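Participant: Got upload_13.tsv for you, TSV, C-alpha atoms:
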```tsv
chain	number	residue	atom	x	y	z
M	1	MET	CA	-16.73	-6.03	-5.05
M	2	ILE	CA	-14.52	-4.33	-2.47
M	3	ARG	CA	-14.61	-5.38	1.17
M	4	ALA	CA	-12.49	-5.11	4.31
M	5	ALA	CA	-9.95	-7.89	4.67
M	6	ALA	CA	-10.68	-10.69	7.11
M	7	PRO	CA	-8.19	-12.95	8.91
M	8	ALA	CA	-8.87	-15.71	6.38
M	9	ASP	CA	-7.53	-13.40	3.63
M	10	VAL	CA	-4.00	-13.27	5.07
M	11	PRO	CA	-2.62	-16.15	2.94
M	12	ALA	CA	-3.97	-14.53	-0.25
M	13	ILE	CA	-2.64	-11.10	0.77
M	14	HIS	CA	0.76	-12.65	1.49
M	15	ALA	CA	0.78	-14.39	-1.90
M	16	MET	CA	-0.16	-11.16	-3.70
M	17	ILE	CA	2.53	-9.21	-1.84
M	18	ARG	CA	5.05	-11.72	-3.18
M	19	GLU	CA	3.58	-11.43	-6.69
M	20	LEU	CA	3.87	-7.63	-6.45
M	21	ALA	CA	7.47	-7.87	-5.22
M	22	GLU	CA	8.32	-10.12	-8.13
M	23	TYR	CA	6.73	-7.65	-10.57
M	24	GLU	CA	8.74	-4.85	-8.95
M	25	ARG	CA	11.93	-6.90	-9.40
M	26	ALA	CA	12.52	-7.12	-5.65
M	27	LEU	CA	11.22	-10.51	-4.53
M	28	GLU	CA	14.29	-11.06	-2.33
M	29	HIS	CA	13.22	-8.07	-0.20
M	30	ALA	CA	9.68	-9.35	0.47
M	31	ARG	CA	10.37	-11.08	3.79
M	32	ALA	CA	7.09	-10.49	5.64
M	33	THR	CA	5.48	-13.68	6.90
M	34	GLU	CA	1.82	-14.55	7.11
M	35	SER	CA	2.13	-14.42	10.89
M	36	GLN	CA	3.53	-10.88	10.77
M	37	LEU	CA	0.77	-9.76	8.41
M	38	HIS	CA	-1.89	-11.33	10.61
M	39	GLU	CA	-0.54	-9.52	13.68
M	40	ALA	CA	-0.23	-6.18	11.83
M	41	LEU	CA	-3.74	-6.41	10.40
M	42	PHE	CA	-5.69	-8.19	13.13
M	43	GLY	CA	-3.60	-8.14	16.31
M	44	ALA	CA	-4.42	-6.27	19.50
M	45	HIS	CA	-3.16	-3.00	18.00
M	46	PRO	CA	-3.62	-3.09	14.20
M	47	ALA	CA	-1.00	-1.02	12.44
M	48	VAL	CA	-2.33	-1.41	8.90
M	49	PHE	CA	-5.61	-2.10	7.18
M	50	ALA	CA	-6.48	-3.90	3.97
M	51	LEU	CA	-9.23	-3.92	1.40
M	52	ILE	CA	-9.89	-6.91	-0.82
M	53	ALA	CA	-11.09	-6.90	-4.42
M	54	GLU	CA	-13.22	-9.86	-5.36
M	55	ASP	CA	-14.51	-11.00	-8.71
M	56	ALA	CA	-17.69	-13.03	-8.89
M	57	THR	CA	-15.94	-15.59	-11.09
M	58	GLU	CA	-12.95	-16.18	-8.80
M	59	SER	CA	-12.82	-18.26	-5.63
M	60	GLU	CA	-10.17	-16.08	-3.99
M	61	PRO	CA	-9.28	-12.38	-3.92
M	62	VAL	CA	-8.07	-10.86	-7.18
M	63	GLY	CA	-6.51	-7.77	-5.62
M	64	PHE	CA	-5.81	-5.87	-2.45
M	65	ALA	CA	-4.91	-2.47	-1.05
M	66	LEU	CA	-2.88	-2.29	2.16
M	67	TRP	CA	-2.91	1.12	3.88
M	68	PHE	CA	-2.34	2.98	7.10
M	69	ARG	CA	-3.13	6.40	8.51
M	70	ASN	CA	-0.57	9.15	8.33
M	71	PHE	CA	-0.75	12.72	9.61
M	72	SER	CA	-0.10	16.12	8.07
M	73	THR	CA	1.23	18.78	10.38
M	74	TRP	CA	0.29	21.33	7.70
M	75	THR	CA	-3.40	20.42	7.46
M	76	GLY	CA	-3.73	19.10	11.01
M	77	THR	CA	-5.53	16.04	9.72
M	78	HIS	CA	-4.86	12.40	9.16
M	79	GLY	CA	-4.54	10.97	5.69
M	80	VAL	CA	-4.24	7.60	4.01
M	81	TYR	CA	-0.91	6.22	2.90
M	82	LEU	CA	-1.31	3.38	0.43
M	83	GLU	CA	1.52	0.92	1.00
M	84	ASP	CA	0.53	-1.59	-1.66
M	85	LEU	CA	-2.05	-1.79	-4.42
M	86	TYR	CA	-2.10	-4.94	-6.48
M	87	VAL	CA	-4.48	-6.61	-8.89
M	88	ARG	CA	-3.57	-10.00	-10.27
M	89	PRO	CA	-2.71	-9.86	-14.00
M	90	ALA	CA	-5.67	-12.01	-15.10
M	91	ALA	CA	-8.08	-9.60	-13.35
M	92	ARG	CA	-6.58	-6.34	-14.62
M	93	GLY	CA	-8.70	-4.08	-16.79
M	94	ALA	CA	-11.92	-5.04	-15.00
M	95	GLY	CA	-11.97	-1.98	-12.73
M	96	HIS	CA	-10.65	-3.58	-9.53
M	97	GLY	CA	-7.75	-1.14	-9.11
M	98	ARG	CA	-10.03	1.84	-9.64
M	99	ALA	CA	-12.56	0.36	-7.19
M	100	LEU	CA	-9.89	-0.14	-4.52
M	101	LEU	CA	-8.64	3.43	-4.94
M	102	SER	CA	-12.21	4.74	-4.95
M	103	ALA	CA	-12.93	2.92	-1.68
M	104	LEU	CA	-9.81	4.45	-0.10
M	105	ALA	CA	-10.74	7.91	-1.38
M	106	GLY	CA	-14.16	7.33	0.19
M	107	ILE	CA	-12.50	6.55	3.54
M	108	CYS	CA	-10.60	9.84	3.28
M	109	VAL	CA	-13.70	11.87	2.50
M	110	GLU	CA	-15.86	10.12	5.11
M	111	ARG	CA	-13.29	10.65	7.87
M	112	GLY	CA	-12.22	14.18	6.92
M	113	TYR	CA	-8.74	13.14	5.80
M	114	GLU	CA	-7.25	15.65	3.37
M	115	ARG	CA	-4.53	13.57	1.71
M	116	PHE	CA	-4.27	10.21	-0.03
M	117	GLU	CA	-0.67	9.37	-0.91
M	118	TRP	CA	1.45	6.54	-2.28
M	119	TRP	CA	4.69	5.84	-4.10
M	120	VAL	CA	5.15	4.37	-7.55
M	121	LEU	CA	8.34	3.16	-9.19
M	122	ASP	CA	9.68	5.57	-11.83
M	123	TRP	CA	9.72	2.84	-14.49
M	124	ASN	CA	6.15	1.67	-13.88
M	125	ASP	CA	4.60	3.61	-16.76
M	126	PRO	CA	1.29	1.67	-16.83
M	127	SER	CA	0.61	2.51	-13.18
M	128	ILE	CA	1.78	6.12	-13.54
M	129	GLY	CA	-0.56	6.58	-16.48
M	130	PHE	CA	-3.43	4.99	-14.56
M	131	TYR	CA	-2.86	7.21	-11.51
M	132	ARG	CA	-2.63	10.34	-13.65
M	133	SER	CA	-5.90	9.38	-15.39
M	134	LEU	CA	-7.57	9.52	-11.96
M	135	GLY	CA	-6.23	13.02	-11.28
M	136	ALA	CA	-3.31	12.03	-9.05
M	137	GLU	CA	-0.21	14.19	-9.36
M	138	PRO	CA	3.42	13.22	-8.78
M	139	MET	CA	5.19	15.06	-6.00
M	140	GLU	CA	8.22	15.84	-8.13
M	141	GLU	CA	9.74	18.31	-5.70
M	142	TRP	CA	10.09	15.64	-2.99
M	143	THR	CA	12.70	12.90	-2.69
M	144	VAL	CA	11.98	9.78	-0.69
M	145	PHE	CA	14.63	8.75	1.85
M	146	ARG	CA	14.96	5.41	3.59
M	147	MET	CA	17.26	4.15	6.29
M	148	SER	CA	17.57	0.47	7.20
M	149	GLY	CA	20.07	-2.19	8.20
M	150	GLY	CA	23.49	-1.02	9.42
M	151	PRO	CA	22.91	2.72	9.03
M	152	LEU	CA	19.67	2.46	11.02
M	153	ARG	CA	21.38	0.56	13.84
M	154	THR	CA	24.34	2.98	13.81
M	155	LEU	CA	22.12	6.02	14.08
M	156	ALA	CA	20.06	4.37	16.83
M	157	SER	CA	23.21	3.72	18.85
M	158	VAL	CA	24.24	7.40	18.89
M	159	ASN	CA	21.92	8.33	21.78
M	160	ALA	CA	21.68	4.86	23.31
M	161	ALA	CA	24.88	5.22	25.35
```
Would you put the structure from the file into structure tokens?
Facilitator:
Amino acid sequence: MIRAAAPADVPAIHAMIRELAEYERALEHARATESQLHEALFGAHPAVFALIAEDATESEPVGFALWFRNFSTWTGTHGVYLEDLYVRPAARGAGHGRALLSALAGICVERGYERFEWWVLDWNDPSIGFYRSLGAEPMEEWTVFRMSGGPLRTLASVNAA
């Protein structure tokens, strides 16, 4: 079953984010706190949204999808950007990942959003194969850029004076 996340799900979402970061070999970079997640998801101005995958045999969530709206200047419509999709290893193969993605695709269609996008690590062949099986296509002509830490602060200071 897929449902919208509730405030009581924040500890499980936080735990699964850490599990995902460990799988992606980047646990040291997963610094978000439960408090930050709670504020982002359920504060006065939610910045992100989450869906929860539940299994009838489990007492806590077995997966989640954390997403936010983006916007395409080319189509003039919003879209969904999937920040994280994770299904706990013991629950994989039961259709939870497909159900989470299907629910997000449904949000896109229902709201008139024309794009549903996410990133995947180049070495994550199981996920790449899964996404391709659903009809998703890699955006091979695009390169992702990121700025953080010192370079971000340096660039911010250029116009601050």
Participant: For the atom pair CA of Met139 in chain M and CA of Asn70 in chain M, what is the interatomic distance in Å to one decimal place?
Facilitator: 16.5 Å
Participant: Looking at M:Phe64, M:Tyr81, M:Phe71, M:Phe116, which one is nearest to Gly135 in chain M, with distances taken over only C-alpha atoms?
Facilitator: M:Phe116
Participant: Could you work out how far CA of Ala8 in chain M lies from CA of Ala30 in chain M, giving the answer in Å with one decimal?
Facilitator: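 Separating CA of Ala30 in chain M from CA of Ala8 in chain M is a distance of 20.5 Å.
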Participant: From the list M:Pro46, M:Pro89, M:Glu39, M:His29, which residue is nearest Met16 in chain M when using all atoms listed in the file?
Facilitator: M:Pro89
Participant: List the spatial neighbours of range 125-127 of chain M as an MDAnalysis selection string - criterion: any atom at most 12 Å away, all atoms listed in the file, same-chain residues fewer than 2 positions off excluded.
Facilitator: chainID M and resid 24 85:87 92:93 97:98 118:123 129:134 136 138
Participant: Using Å and a single decimal, report how far CA of Pro11 in chain M sits from CA of Phe49 in chain M.
Facilitator: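 One can read the CA of Phe49 in chain M to CA of Pro11 in chain M distance as 15.0 Å.
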Participant: Find the spatial neighbours of Glu54 in chain M, counting only C-alpha atoms, within a cut-off of 9 Å - ignore same-chain residues fewer than 4 positions away - and output them as a PyMOL selection string.
Facilitator: chain M and resi 1-3+58-64+96
Participant: I need the residues from that last selection saved to file as a PDB file, keeping the file's coordinate frame (with C-alpha atoms), if you can.
Facilitator:
```
ATOM      1  CA  MET M   1     -16.730  -6.030  -5.050  1.00  0.00           C
ATOM      2  CA  ILE M   2     -14.520  -4.330  -2.470  1.00  0.00           C
ATOM      3  CA  ARG M   3     -14.610  -5.380   1.170  1.00  0.00           C
ATOM      4  CA  GLU M  58     -12.950 -16.180  -8.800  1.00  0.00           C
ATOM      5  CA  SER M  59     -12.820 -18.260  -5.630  1.00  0.00           C
ATOM      6  CA  GLU M  60     -10.170 -16.080  -3.990  1.00  0.00           C
ATOM      7  CA  PRO M  61      -9.280 -12.380  -3.920  1.00  0.00           C
ATOM      8  CA  VAL M  62      -8.070 -10.860  -7.180  1.00  0.00           C
ATOM      9  CA  GLY M  63      -6.510  -7.770  -5.620  1.00  0.00           C
ATOM     10  CA  PHE M  64      -5.810  -5.870  -2.450  1.00  0.00           C
ATOM     11  CA  HIS M  96     -10.650  -3.580  -9.530  1.00  0.00           C
TER      12      HIS M  96
END
```
Participant: Using all atoms listed in the file for the distances, tell me which of M:Leu100, M:Cys108, M:Ile17, M:Ala26 is nearest to Arg69 in chain M.
Facilitator: M:Cys108
Participant: Any idea what's packed within 7 Å of Leu82 in chain M, counting all atoms listed in the file, ignoring anything in its chain fewer than 4 positions away? Could you give it as a ChimeraX atom specification?
Facilitator: /M:66-68,117-118
Participant: Restricting the calculation to only C-alpha atoms: of M:Ala56, M:Leu20, M:Ala40, M:Ile128, which residue gets closest to Asp84 in chain M?
Facilitator: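 Result for the nearest residue to Asp84 in chain M: M:Leu20.
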